[in-house]
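K.L.:
Quick one: the structure is below, and I'll ask about it shortly.
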Amino acid sequence: MKRIFLLVVIAVTSIFSSKAEEGMLIPSIVKAFESDMQAMGMRLSAEDIYDVNNSSIKDAIIHFGGGCTAELVSSQGLLLTNHHCGYSQIQSHSSLENDYLKYGFWAKDKSKELPNPGLTASRVVRIEDVTATVLFDTEGMSDQERYAKIQRVIDKLIQDAELGTHYTAKIKAFNYGNDYYMIVKETFKDVRLVGTPPNSIGKFGGDTDNWVWPRHTGDFSVFRIYADKNNQPSDYNESNGPYIPLHFLPVSMKKRTPGEFTMIYGFPGTTEQHLSSGNLKYIMDQERPARIKMREKSLSVIDASMRSSDLLRIKYASKQARIANGWKKWIGQLGGLKTVDAIQIKLNREKEYNDMAATKPEWREKYGMSISEMNALVEQYKQADFGYSMAIEYLYVGPELFGRAREMNKFLSNYTTFIENGTLDAEIEKQISGAKVFFKDYDEATDKRIFELLTKEYVKQMGDGPIPSMLDNNSAIDLADCIYKKSILTNEVRFMKFMDKLGNKSFSHLKNKDLGFMLWADADANFMNNVIPDVRVYKSSMDGLLKTYVAGKFEMFPDVKHWPDANSTMRITYGKLEGSAPHDGMQYTEHTTIDGIITKNNSGNPDYELLPRMRELATAKDYGDYAQDGELWVCFTGSNHTTGGNSGSPVLDADGNLLGLNFDRSWESTMSDFMFDSDRCRNITVDIRYVLWVMDRYSGAKHIVDEMKLVR
């Protein structure tokens, strides 16, 4: 077993040591952790969790849309994920006539399930350690030679893995290139919406409760995978049938017990546990606060627009959720890191690392300067990195006109090629179709106000840093007035007129007179020429230093459990169903009930609005078979290490039965992207019994519940 995943069961006194709950384990090496997990209460074997030759739990775990996790829960391809993971699909099917966001949706039978073009669901076929093959005979090569050889080997391994199959393969670097793993996937393209609760359940608590405990959100939605007659992936086709999975998860109706074993299986996005003290300080002092301010500006406009009309509420629901999620997470992240004095913890760990390096000449030479060089690199390039973050917030998260500009630029850049290939008409139709989708959920006045506020804030934040030349001497208000009165990017009628008159004259007008497109082109050029080059040097140099630093951890602290940062690949975490005491005088219980929903609703906060049926059922205590000791559990917390991408992940009991769907962390826990604290960090789960109650008693969709295997 590779050195980086060795688990030492004895107590480790090193400052690098961590409790069993920390870490995101690669499933293919879970055998090394089997005894520790069983000591915590697990009754599964490693083969039950991950097996290439036989069906196992891994075959029920789905990468949903490339960004969230989902799980198969029936023999007919039924899929559960979070409400917020399926939100863009739910929103796309919603209208004033069919307001699924407000009232929910449940397909009465499979013929009523709704297709979702572009949505994918991927199953991991196998995970293979290819480190030795990828790095073979690369010692002593120059960086350029080494990179080229590694790429050739990777390309060949992928080609061989995909040959004669309908699978796709990808090889990803772990631990900054100290290790490489190949992930082979089967990707399904026909994924249909089966059901969703109303926002008053699926988004109960809104921004008020986001990243906060106690939580009462029924954050789930239901989809189904369809396959062709051979049970293989196929594009949407009415003749496709429900996918028959290799494994699906039984659903636990058993009594929950504080302290019981929990395991999460999913696709966590990104963690950065190895950042130097200087890097973390820059993030805490400059980068995160500035991004928070940028998003506050956007949200102030969007929230007001959504309150002004039902139409704007529907148009901006998904966008608001996406922007607000990061905004509030970052606020909690900073609070948690400051509370535990994360910088001092980093400094203490760095001192131990340097002290250990000084004990041997070869270690001093290889690792003795790693930390100081990382901190120096941050000082040298932090303004470039800051410019990158601000450009992302302005050009990619901010005003939507910039997204339209990017699409038009791609079209214009390939216009001659389209003519030569005879595909121009088809590409024009794509542009028109894409624009219709865009403008369906776009409001010119809202975008204009966002533009005004964010342009002003962007210029302020950048200070003496490089900004687009058009922003040097123009006020945001003046630019906004000109752009939103005349640009084709901000108005559907103007855009369609432009598409009707394509030609050199119209292209010239767009490039030289349309201020919206001109500003985007100016900003994009500034980004590519004045920001990206330095950022590439910075990231590449930092990755090289981190590779050496992590290798030093492996070699100098061999008796410590090391784990690779999350990188959107399949991982396992394990812990317990338990509460926490994150602050002096504060004790969090491990679960919430439906009584808390009613209490919050009584407060009058609009984030706690309910449809009448919830109060009716709660008052009658109509809990059906889903209660525990007379209570209907809604959510519970656990000490599992999670991050973005774990949304929708199944939370499993000691026997591999589904306890609930992971959907969030407590505010004190968002720091775990950088530093995990097992006393404070808690993941938040919606109890599967509440999910089934919403389907059955609240929504009258018991036929969905009847598909599942319930374990009592």
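We name chains A, B, ... following the order of the structure tokens; residues begin at 1 in each chain, and ligands are numbered from 1 as shown.
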May I have all residues of stretch 429-592 of chain A that DSSP, computed from the backbone, assigns to alpha helix (DSSP H), given as a compact mmCIF listing (two decimals) with N, CA and C atoms, in the first residue's frame?
P.N.:
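Generated file (states-v1.txt):
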```
# COMPACT_ATOMS: atom_id res chain seq x y z
N GLU A 429 -28.38 29.24 -35.93
CA GLU A 429 -29.53 28.73 -35.19
C GLU A 429 -29.17 28.43 -33.74
N LYS A 430 -27.94 27.95 -33.51
CA LYS A 430 -27.47 27.70 -32.15
C LYS A 430 -27.40 28.99 -31.35
N GLN A 431 -26.89 30.03 -32.01
CA GLN A 431 -26.80 31.33 -31.33
C GLN A 431 -28.18 31.86 -30.97
N ILE A 432 -29.09 31.75 -31.91
CA ILE A 432 -30.45 32.26 -31.67
C ILE A 432 -31.13 31.45 -30.57
N SER A 433 -30.97 30.14 -30.63
CA SER A 433 -31.56 29.28 -29.61
C SER A 433 -30.97 29.57 -28.24
N GLY A 434 -29.64 29.71 -28.18
CA GLY A 434 -28.98 30.02 -26.91
C GLY A 434 -29.40 31.36 -26.35
N ALA A 435 -29.59 32.34 -27.24
CA ALA A 435 -30.01 33.67 -26.81
C ALA A 435 -31.43 33.63 -26.23
N LYS A 436 -32.30 32.84 -26.82
CA LYS A 436 -33.66 32.74 -26.31
C LYS A 436 -33.67 32.17 -24.90
N VAL A 437 -32.83 31.16 -24.68
CA VAL A 437 -32.72 30.58 -23.33
C VAL A 437 -32.17 31.63 -22.36
N PHE A 438 -31.17 32.38 -22.81
CA PHE A 438 -30.55 33.40 -21.96
C PHE A 438 -31.56 34.48 -21.59
N PHE A 439 -32.22 35.05 -22.57
CA PHE A 439 -33.11 36.18 -22.31
C PHE A 439 -34.39 35.76 -21.57
N LYS A 440 -34.72 34.48 -21.62
CA LYS A 440 -35.88 33.99 -20.85
C LYS A 440 -35.71 34.27 -19.37
N GLU A 444 -33.16 43.25 -17.97
CA GLU A 444 -32.22 44.31 -18.35
C GLU A 444 -31.97 45.30 -17.22
N ALA A 445 -33.03 45.71 -16.53
CA ALA A 445 -32.88 46.71 -15.46
C ALA A 445 -32.07 46.14 -14.30
N THR A 446 -32.31 44.87 -13.97
CA THR A 446 -31.56 44.24 -12.88
C THR A 446 -30.08 44.15 -13.24
N ASP A 447 -29.80 43.71 -14.46
CA ASP A 447 -28.40 43.56 -14.88
C ASP A 447 -27.69 44.91 -14.93
N LYS A 448 -28.42 45.94 -15.31
CA LYS A 448 -27.82 47.29 -15.38
C LYS A 448 -27.38 47.75 -14.00
N ARG A 449 -28.23 47.53 -13.02
CA ARG A 449 -27.89 47.97 -11.66
C ARG A 449 -26.72 47.16 -11.11
N ILE A 450 -26.69 45.87 -11.40
CA ILE A 450 -25.55 45.04 -11.00
C ILE A 450 -24.27 45.58 -11.65
N PHE A 451 -24.37 45.91 -12.94
CA PHE A 451 -23.21 46.45 -13.66
C PHE A 451 -22.69 47.72 -12.99
N GLU A 452 -23.59 48.62 -12.64
CA GLU A 452 -23.18 49.89 -12.03
C GLU A 452 -22.44 49.66 -10.72
N LEU A 453 -23.00 48.84 -9.86
CA LEU A 453 -22.39 48.62 -8.54
C LEU A 453 -21.09 47.83 -8.63
N LEU A 454 -21.07 46.78 -9.46
CA LEU A 454 -19.87 45.95 -9.52
C LEU A 454 -18.72 46.63 -10.26
N THR A 455 -19.03 47.41 -11.28
CA THR A 455 -17.96 48.13 -11.98
C THR A 455 -17.26 49.09 -11.03
N LYS A 456 -18.05 49.79 -10.26
CA LYS A 456 -17.48 50.75 -9.30
C LYS A 456 -16.64 50.02 -8.24
N GLU A 457 -17.16 48.89 -7.73
CA GLU A 457 -16.45 48.14 -6.69
C GLU A 457 -15.19 47.48 -7.26
N TYR A 458 -15.27 46.98 -8.49
CA TYR A 458 -14.12 46.34 -9.14
C TYR A 458 -12.97 47.34 -9.28
N VAL A 459 -13.27 48.53 -9.78
CA VAL A 459 -12.24 49.55 -9.94
C VAL A 459 -11.64 49.93 -8.59
N LYS A 460 -12.50 50.06 -7.59
CA LYS A 460 -12.03 50.40 -6.24
C LYS A 460 -11.11 49.32 -5.68
N GLN A 461 -11.50 48.06 -5.81
CA GLN A 461 -10.71 46.96 -5.26
C GLN A 461 -9.36 46.83 -5.96
N MET A 462 -9.34 47.07 -7.25
CA MET A 462 -8.10 46.89 -8.01
C MET A 462 -7.08 47.97 -7.71
N ALA A 476 -19.09 54.36 -13.98
CA ALA A 476 -19.92 53.17 -14.17
C ALA A 476 -21.32 53.54 -14.63
N ILE A 477 -21.86 54.64 -14.10
CA ILE A 477 -23.23 55.06 -14.44
C ILE A 477 -23.31 55.46 -15.91
N ASP A 478 -22.34 56.28 -16.36
CA ASP A 478 -22.35 56.73 -17.76
C ASP A 478 -22.23 55.55 -18.71
N LEU A 479 -21.31 54.64 -18.40
CA LEU A 479 -21.14 53.46 -19.25
C LEU A 479 -22.42 52.63 -19.27
N ALA A 480 -23.01 52.45 -18.11
CA ALA A 480 -24.22 51.65 -18.02
C ALA A 480 -25.34 52.24 -18.87
N ASP A 481 -25.51 53.55 -18.81
CA ASP A 481 -26.57 54.20 -19.60
C ASP A 481 -26.38 53.94 -21.08
N CYS A 482 -25.15 54.06 -21.54
CA CYS A 482 -24.87 53.85 -22.97
C CYS A 482 -25.04 52.38 -23.36
N ILE A 483 -24.49 51.49 -22.54
CA ILE A 483 -24.52 50.07 -22.87
C ILE A 483 -25.94 49.53 -22.88
N TYR A 484 -26.69 49.81 -21.85
CA TYR A 484 -28.00 49.18 -21.71
C TYR A 484 -29.08 49.85 -22.55
N LYS A 485 -28.76 50.96 -23.20
CA LYS A 485 -29.69 51.56 -24.16
C LYS A 485 -29.50 51.02 -25.56
N LYS A 486 -28.25 50.60 -25.87
CA LYS A 486 -27.96 50.31 -27.28
C LYS A 486 -27.33 48.94 -27.55
N GLU A 492 -33.13 41.43 -26.10
CA GLU A 492 -33.42 40.35 -27.04
C GLU A 492 -33.81 40.87 -28.41
N VAL A 493 -34.58 41.94 -28.48
CA VAL A 493 -35.01 42.49 -29.77
C VAL A 493 -33.80 42.97 -30.56
N ARG A 494 -32.92 43.73 -29.90
CA ARG A 494 -31.72 44.22 -30.59
C ARG A 494 -30.84 43.06 -31.03
N PHE A 495 -30.73 42.02 -30.20
CA PHE A 495 -29.90 40.87 -30.56
C PHE A 495 -30.45 40.17 -31.79
N MET A 496 -31.75 39.94 -31.85
CA MET A 496 -32.34 39.24 -32.99
C MET A 496 -32.21 40.06 -34.27
N LYS A 497 -32.33 41.37 -34.17
CA LYS A 497 -32.12 42.23 -35.35
C LYS A 497 -30.69 42.10 -35.86
N PHE A 498 -29.75 42.04 -34.93
CA PHE A 498 -28.34 41.86 -35.30
C PHE A 498 -28.15 40.54 -36.04
N MET A 499 -28.75 39.47 -35.54
CA MET A 499 -28.60 38.16 -36.16
C MET A 499 -29.26 38.11 -37.54
N ASP A 500 -30.25 38.94 -37.76
CA ASP A 500 -30.92 39.00 -39.07
C ASP A 500 -30.05 39.67 -40.12
N ASN A 504 -20.16 41.84 -42.64
CA ASN A 504 -19.00 42.62 -42.23
C ASN A 504 -19.38 43.93 -41.57
N LYS A 505 -20.45 44.56 -42.06
CA LYS A 505 -20.86 45.85 -41.52
C LYS A 505 -21.36 45.69 -40.08
N SER A 506 -22.18 44.67 -39.87
CA SER A 506 -22.71 44.47 -38.51
C SER A 506 -21.60 44.04 -37.55
N PHE A 507 -20.64 43.24 -38.04
CA PHE A 507 -19.53 42.81 -37.19
C PHE A 507 -18.67 44.02 -36.80
N SER A 508 -18.44 44.89 -37.76
CA SER A 508 -17.65 46.09 -37.49
C SER A 508 -18.34 46.97 -36.45
N HIS A 509 -19.67 47.08 -36.58
CA HIS A 509 -20.43 47.87 -35.62
C HIS A 509 -20.30 47.27 -34.22
N LEU A 510 -20.41 45.94 -34.13
CA LEU A 510 -20.33 45.28 -32.84
C LEU A 510 -18.97 45.52 -32.18
N LYS A 511 -17.92 45.40 -32.97
CA LYS A 511 -16.57 45.50 -32.42
C LYS A 511 -16.15 46.93 -32.12
N ASN A 512 -16.69 47.88 -32.85
CA ASN A 512 -16.20 49.26 -32.75
C ASN A 512 -17.19 50.26 -32.18
N LEU A 515 -20.74 49.38 -27.10
CA LEU A 515 -19.92 49.58 -25.91
C LEU A 515 -19.92 48.36 -24.98
N GLY A 516 -21.00 47.60 -24.99
CA GLY A 516 -21.02 46.41 -24.16
C GLY A 516 -19.99 45.39 -24.62
N PHE A 517 -19.96 45.13 -25.93
CA PHE A 517 -18.99 44.18 -26.48
C PHE A 517 -17.58 44.76 -26.37
N MET A 518 -17.44 46.04 -26.61
CA MET A 518 -16.13 46.68 -26.54
C MET A 518 -15.54 46.60 -25.13
N LEU A 519 -16.39 46.82 -24.12
CA LEU A 519 -15.89 46.74 -22.75
C LEU A 519 -15.47 45.31 -22.43
N TRP A 520 -16.30 44.33 -22.84
CA TRP A 520 -15.90 42.95 -22.58
C TRP A 520 -14.57 42.63 -23.26
N ALA A 521 -14.42 43.03 -24.53
CA ALA A 521 -13.18 42.75 -25.27
C ALA A 521 -11.98 43.41 -24.58
N ASP A 522 -12.18 44.63 -24.10
CA ASP A 522 -11.13 45.35 -23.39
C ASP A 522 -10.78 44.64 -22.08
N ALA A 523 -11.80 44.25 -21.35
CA ALA A 523 -11.59 43.57 -20.07
C ALA A 523 -10.95 42.20 -20.27
N ASP A 524 -11.40 41.49 -21.30
CA ASP A 524 -10.84 40.17 -21.59
C ASP A 524 -9.37 40.27 -21.99
N ALA A 525 -9.05 41.28 -22.80
CA ALA A 525 -7.65 41.48 -23.19
C ALA A 525 -6.79 41.83 -21.99
N ASN A 526 -7.32 42.67 -21.11
CA ASN A 526 -6.59 43.01 -19.88
C ASN A 526 -6.36 41.77 -19.04
N ILE A 532 -3.38 36.88 -16.46
CA ILE A 532 -3.19 35.44 -16.63
C ILE A 532 -1.72 35.01 -16.69
N PRO A 533 -0.85 35.71 -17.44
CA PRO A 533 0.55 35.24 -17.51
C PRO A 533 1.21 35.12 -16.14
N ASP A 534 1.05 36.15 -15.29
CA ASP A 534 1.65 36.10 -13.96
C ASP A 534 0.99 35.03 -13.09
N VAL A 535 -0.31 34.87 -13.23
CA VAL A 535 -1.02 33.86 -12.44
C VAL A 535 -0.55 32.46 -12.82
N ARG A 536 -0.32 32.24 -14.11
CA ARG A 536 0.17 30.93 -14.54
C ARG A 536 1.53 30.62 -13.95
N VAL A 537 2.42 31.62 -13.96
CA VAL A 537 3.74 31.43 -13.37
C VAL A 537 3.60 31.15 -11.88
N TYR A 538 2.73 31.92 -11.23
CA TYR A 538 2.52 31.76 -9.78
C TYR A 538 2.00 30.38 -9.44
N LYS A 539 0.93 29.95 -10.12
CA LYS A 539 0.33 28.66 -9.82
C LYS A 539 1.29 27.50 -10.11
N SER A 540 1.98 27.59 -11.24
CA SER A 540 2.92 26.54 -11.61
C SER A 540 4.06 26.45 -10.60
N SER A 541 4.60 27.61 -10.22
CA SER A 541 5.71 27.63 -9.26
C SER A 541 5.25 27.14 -7.89
N MET A 542 4.04 27.57 -7.48
CA MET A 542 3.53 27.15 -6.18
C MET A 542 3.26 25.65 -6.15
N ASP A 543 2.70 25.12 -7.23
CA ASP A 543 2.45 23.68 -7.29
C ASP A 543 3.74 22.89 -7.16
N GLY A 544 4.81 23.40 -7.78
CA GLY A 544 6.11 22.73 -7.66
C GLY A 544 6.62 22.73 -6.23
N LEU A 545 6.46 23.87 -5.55
CA LEU A 545 6.89 23.95 -4.16
C LEU A 545 6.02 23.08 -3.26
N LEU A 546 4.71 23.06 -3.53
CA LEU A 546 3.81 22.24 -2.73
C LEU A 546 4.10 20.75 -2.93
N LYS A 547 4.48 20.38 -4.14
CA LYS A 547 4.84 18.98 -4.39
C LYS A 547 6.01 18.57 -3.50
N THR A 548 7.01 19.42 -3.43
CA THR A 548 8.17 19.14 -2.58
C THR A 548 7.78 19.14 -1.11
N TYR A 549 6.97 20.13 -0.70
CA TYR A 549 6.53 20.25 0.69
C TYR A 549 5.76 19.01 1.13
N VAL A 550 4.82 18.55 0.30
CA VAL A 550 4.02 17.37 0.64
C VAL A 550 4.90 16.12 0.66
N ALA A 551 5.82 16.01 -0.29
CA ALA A 551 6.75 14.88 -0.27
C ALA A 551 7.53 14.85 1.04
N GLY A 552 7.87 16.04 1.54
CA GLY A 552 8.56 16.13 2.82
C GLY A 552 7.71 15.62 3.97
N LYS A 553 6.41 15.90 3.93
CA LYS A 553 5.50 15.37 4.96
C LYS A 553 5.51 13.84 4.94
N PHE A 554 5.42 13.29 3.72
CA PHE A 554 5.41 11.83 3.60
C PHE A 554 6.68 11.21 4.19
N GLU A 555 7.81 11.80 3.84
CA GLU A 555 9.08 11.19 4.21
C GLU A 555 9.44 11.44 5.68
N MET A 556 9.19 12.66 6.15
CA MET A 556 9.64 13.01 7.49
C MET A 556 8.64 12.62 8.58
```
K.L.:
Please report, as a Markdown table, each residue of stretch 371-479 of chain A lying at most 8 Å from stretch 306-322 of chain A, together with the nearest pair of atoms and the separation in Å rounded to one decimal; use only C-alpha atoms, and order rows by chain and ascending residue number.
P.N.:
```
| residue | atom | partner | partner_atom | distance |
| --- | --- | --- | --- | --- |
| A:Lys440 | CA | A:Lys315 | CA | 7.4 |
| A:Asp441 | CA | A:Lys315 | CA | 4.4 |
| A:Tyr442 | CA | A:Lys315 | CA | 6.6 |
| A:Asp443 | CA | A:Leu312 | CA | 7.6 |
```
K.L.:
Just give me the gap between atom CA of A:Asp355 and atom CA of A:Ala342 in Å, one decimal is fine.
P.N.:
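Pair atom CA of A:Asp355 / atom CA of A:Ala342 returns 19.9 Å.
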K.L.:
In Å, how far is it from atom CA of A:Gly398 to atom CA of A:Ile488?
P.N.:
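Answer for the atom CA of A:Gly398 to atom CA of A:Ile488 separation: 18.0 Å.
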K.L.:
Select from stretch 433-662 of chain A everything DSSP, run on the backbone, classes as strand (DSSP E), then give the selection as a list in words.
P.N.:
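So the strand (DSSP E) residues in stretch 433-662 of chain A would be Arg571, Ile572, Thr573, Tyr574, Gly575, Lys576, His591, Thr592, Thr593, Trp633, Val634, Cys635, Phe636, Thr637, Gly638, Pro650, Val651, Leu652, Leu658, Leu659, Gly660, Leu661 and Asn662 of chain A.
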K.L.:
Give me, as number ranges by chain, all polymer residues having an atom no more than 10 Å from A:Leu632, counting only C-alpha atoms and skipping those fewer than 6 positions away in the same chain.
P.N.:
A: 592-595, 618, 621-626, 687, 689-690, 693
K.L.:
Residues of the last selection are to be written out with N, CA and C atoms, as a PDB file, in the first residue's frame.
P.N.:
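Now in part_22.pdb:
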```pdb
ATOM      1  N   THR A 592     -32.689  18.056  14.422  1.00  0.00           N
ATOM      2  CA  THR A 592     -33.805  18.999  14.502  1.00  0.00           C
ATOM      3  C   THR A 592     -35.083  18.271  14.104  1.00  0.00           C
ATOM      4  N   THR A 593     -36.229  18.872  14.439  1.00  0.00           N
ATOM      5  CA  THR A 593     -37.512  18.246  14.146  1.00  0.00           C
ATOM      6  C   THR A 593     -38.450  19.223  13.453  1.00  0.00           C
ATOM      7  N   ILE A 594     -39.598  18.712  13.042  1.00  0.00           N
ATOM      8  CA  ILE A 594     -40.591  19.534  12.364  1.00  0.00           C
ATOM      9  C   ILE A 594     -41.117  20.649  13.267  1.00  0.00           C
ATOM     10  N   ASP A 595     -41.022  20.471  14.581  1.00  0.00           N
ATOM     11  CA  ASP A 595     -41.455  21.529  15.494  1.00  0.00           C
ATOM     12  C   ASP A 595     -40.652  22.807  15.264  1.00  0.00           C
ATOM     13  N   ALA A 618     -48.266  19.269  10.481  1.00  0.00           N
ATOM     14  CA  ALA A 618     -47.489  19.395  11.714  1.00  0.00           C
ATOM     15  C   ALA A 618     -48.407  19.528  12.927  1.00  0.00           C
ATOM     16  N   LYS A 621     -49.791  16.346  13.818  1.00  0.00           N
ATOM     17  CA  LYS A 621     -48.728  15.361  14.065  1.00  0.00           C
ATOM     18  C   LYS A 621     -48.915  14.127  13.178  1.00  0.00           C
ATOM     19  N   ASP A 622     -49.232  14.408  11.929  1.00  0.00           N
ATOM     20  CA  ASP A 622     -49.460  13.351  10.942  1.00  0.00           C
ATOM     21  C   ASP A 622     -48.111  12.931  10.363  1.00  0.00           C
ATOM     22  N   TYR A 623     -47.398  12.102  11.112  1.00  0.00           N
ATOM     23  CA  TYR A 623     -46.041  11.714  10.730  1.00  0.00           C
ATOM     24  C   TYR A 623     -45.984  10.345  10.066  1.00  0.00           C
ATOM     25  N   GLY A 624     -47.088   9.636  10.015  1.00  0.00           N
ATOM     26  CA  GLY A 624     -47.086   8.316   9.400  1.00  0.00           C
ATOM     27  C   GLY A 624     -46.096   7.378  10.071  1.00  0.00           C
ATOM     28  N   ASP A 625     -45.385   6.622   9.249  1.00  0.00           N
ATOM     29  CA  ASP A 625     -44.398   5.663   9.765  1.00  0.00           C
ATOM     30  C   ASP A 625     -42.992   6.256   9.862  1.00  0.00           C
ATOM     31  N   TYR A 626     -42.892   7.590   9.772  1.00  0.00           N
ATOM     32  CA  TYR A 626     -41.579   8.212   9.608  1.00  0.00           C
ATOM     33  C   TYR A 626     -41.043   8.867  10.883  1.00  0.00           C
ATOM     34  N   ASP A 687     -32.595  14.116   6.928  1.00  0.00           N
ATOM     35  CA  ASP A 687     -32.925  12.733   7.267  1.00  0.00           C
ATOM     36  C   ASP A 687     -33.798  12.134   6.167  1.00  0.00           C
ATOM     37  N   ARG A 689     -35.911   9.884   6.307  1.00  0.00           N
ATOM     38  CA  ARG A 689     -37.291   9.664   6.739  1.00  0.00           C
ATOM     39  C   ARG A 689     -38.134  10.916   6.512  1.00  0.00           C
ATOM     40  N   TYR A 690     -37.535  12.084   6.686  1.00  0.00           N
ATOM     41  CA  TYR A 690     -38.244  13.328   6.377  1.00  0.00           C
ATOM     42  C   TYR A 690     -38.466  13.443   4.873  1.00  0.00           C
ATOM     43  N   TRP A 693     -41.294  11.268   4.066  1.00  0.00           N
ATOM     44  CA  TRP A 693     -42.524  11.875   4.592  1.00  0.00           C
ATOM     45  C   TRP A 693     -43.029  12.961   3.653  1.00  0.00           C
TER      46      TRP A 693
END
```
K.L.:
Excluding A:Gly368 and its own-chain neighbours fewer than 4 positions away, which residues fall within 6 Å of it when counting only C-alpha atoms? Please give them as a list in words.
P.N.:
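Non-adjacent residues within range: Asn354, Ala357 and Arg364 of chain A.
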K.L.:
Applying 12 Å and only C-alpha atoms, which residues near stretch 601-609 of chain A remain after dropping the ones on its own chain fewer than 5 positions away? List them as a list in words.
P.N.:
Lys102, Pro198, Asn199, Ser200, Ile201, Gly202, Lys203, Phe204, Gly205, Gly206, Asp207, Thr208, Asp209, Asn210, Arg215, His216, Thr217, Asp303, Arg307, Ile594, Asp595, Gly596, Met614, Arg615 and Ala618 of chain A
K.L.:
Of the candidates A:Pro115, A:Gly575, A:Gly422, A:Gly65, which shows the shortest atom-to-atom distance to A:Leu193, using only C-alpha atoms?
P.N.:
A:Pro115
K.L.:
Choose the residue, out of A:Gly177, A:Gly67, A:Pro564, A:Gly104, that has the smallest atom-to-atom separation from A:Val134; count only C-alpha atoms.
P.N.:
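Closest residue, counting only C-alpha atoms: A:Gly177.
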K.L.:
Using only C-alpha atoms, which of A:Val560, A:Ile264, A:Leu78, A:Val212 sits nearest A:His703?
P.N.:
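Ranking A:Val560, A:Ile264, A:Leu78, A:Val212 by distance to A:His703, first place goes to A:Leu78.
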K.L.:
Need to verify the contact set: stretch 675-679 of chain A, 12 Å, only C-alpha atoms, exclusion of same-chain residues closer than 6 positions in sequence. Can you return it as number ranges by chain?
P.N.:
A: 16-24, 271-277, 280, 333-334, 336-343, 345-346, 565, 574-576, 578-583, 587-588, 638-643, 665, 668-669
K.L.:
If we count only C-alpha atoms, what is near stretch 646-649 of chain A at a cut-off of 7 Å, once residues fewer than 3 positions away on the same chain are taken out, given as a PyMOL selection string?
P.N.:
chain A and resi 68-70+81-82+264-268+642-643+661-664
K.L.:
Output as JSON lines one row per residue of stretch 50-134 of chain A within 12 Å of stretch 146-154 of chain A: the closest atom pair and its distance in Å to one decimal place, counting only C-alpha atoms, sorted by chain and residue number ascending.
P.N.:
```
{"residue": "A:Val130", "atom": "CA", "partner": "A:Ile154", "partner_atom": "CA", "distance": 9.0}
{"residue": "A:Thr131", "atom": "CA", "partner": "A:Ile154", "partner_atom": "CA", "distance": 10.2}
{"residue": "A:Ala132", "atom": "CA", "partner": "A:Val153", "partner_atom": "CA", "distance": 11.0}
{"residue": "A:Thr133", "atom": "CA", "partner": "A:Val153", "partner_atom": "CA", "distance": 7.6}
{"residue": "A:Val134", "atom": "CA", "partner": "A:Ile150", "partner_atom": "CA", "distance": 5.7}
```
K.L.:
Which residue, A:Asp109, A:Ala290, A:Phe136, A:Lys561, has the smallest gap to A:Ala32 when you use only C-alpha atoms?
P.N.:
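Looking only at the distances to A:Ala32, the closest residue turns out to be A:Lys561.
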K.L.:
Just the number, please: distance in Å from atom CA of A:Leu72 to atom CA of A:Phe220, one decimal.
P.N.:
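Taking atom CA of A:Leu72 and atom CA of A:Phe220, their separation equals 13.4 Å.
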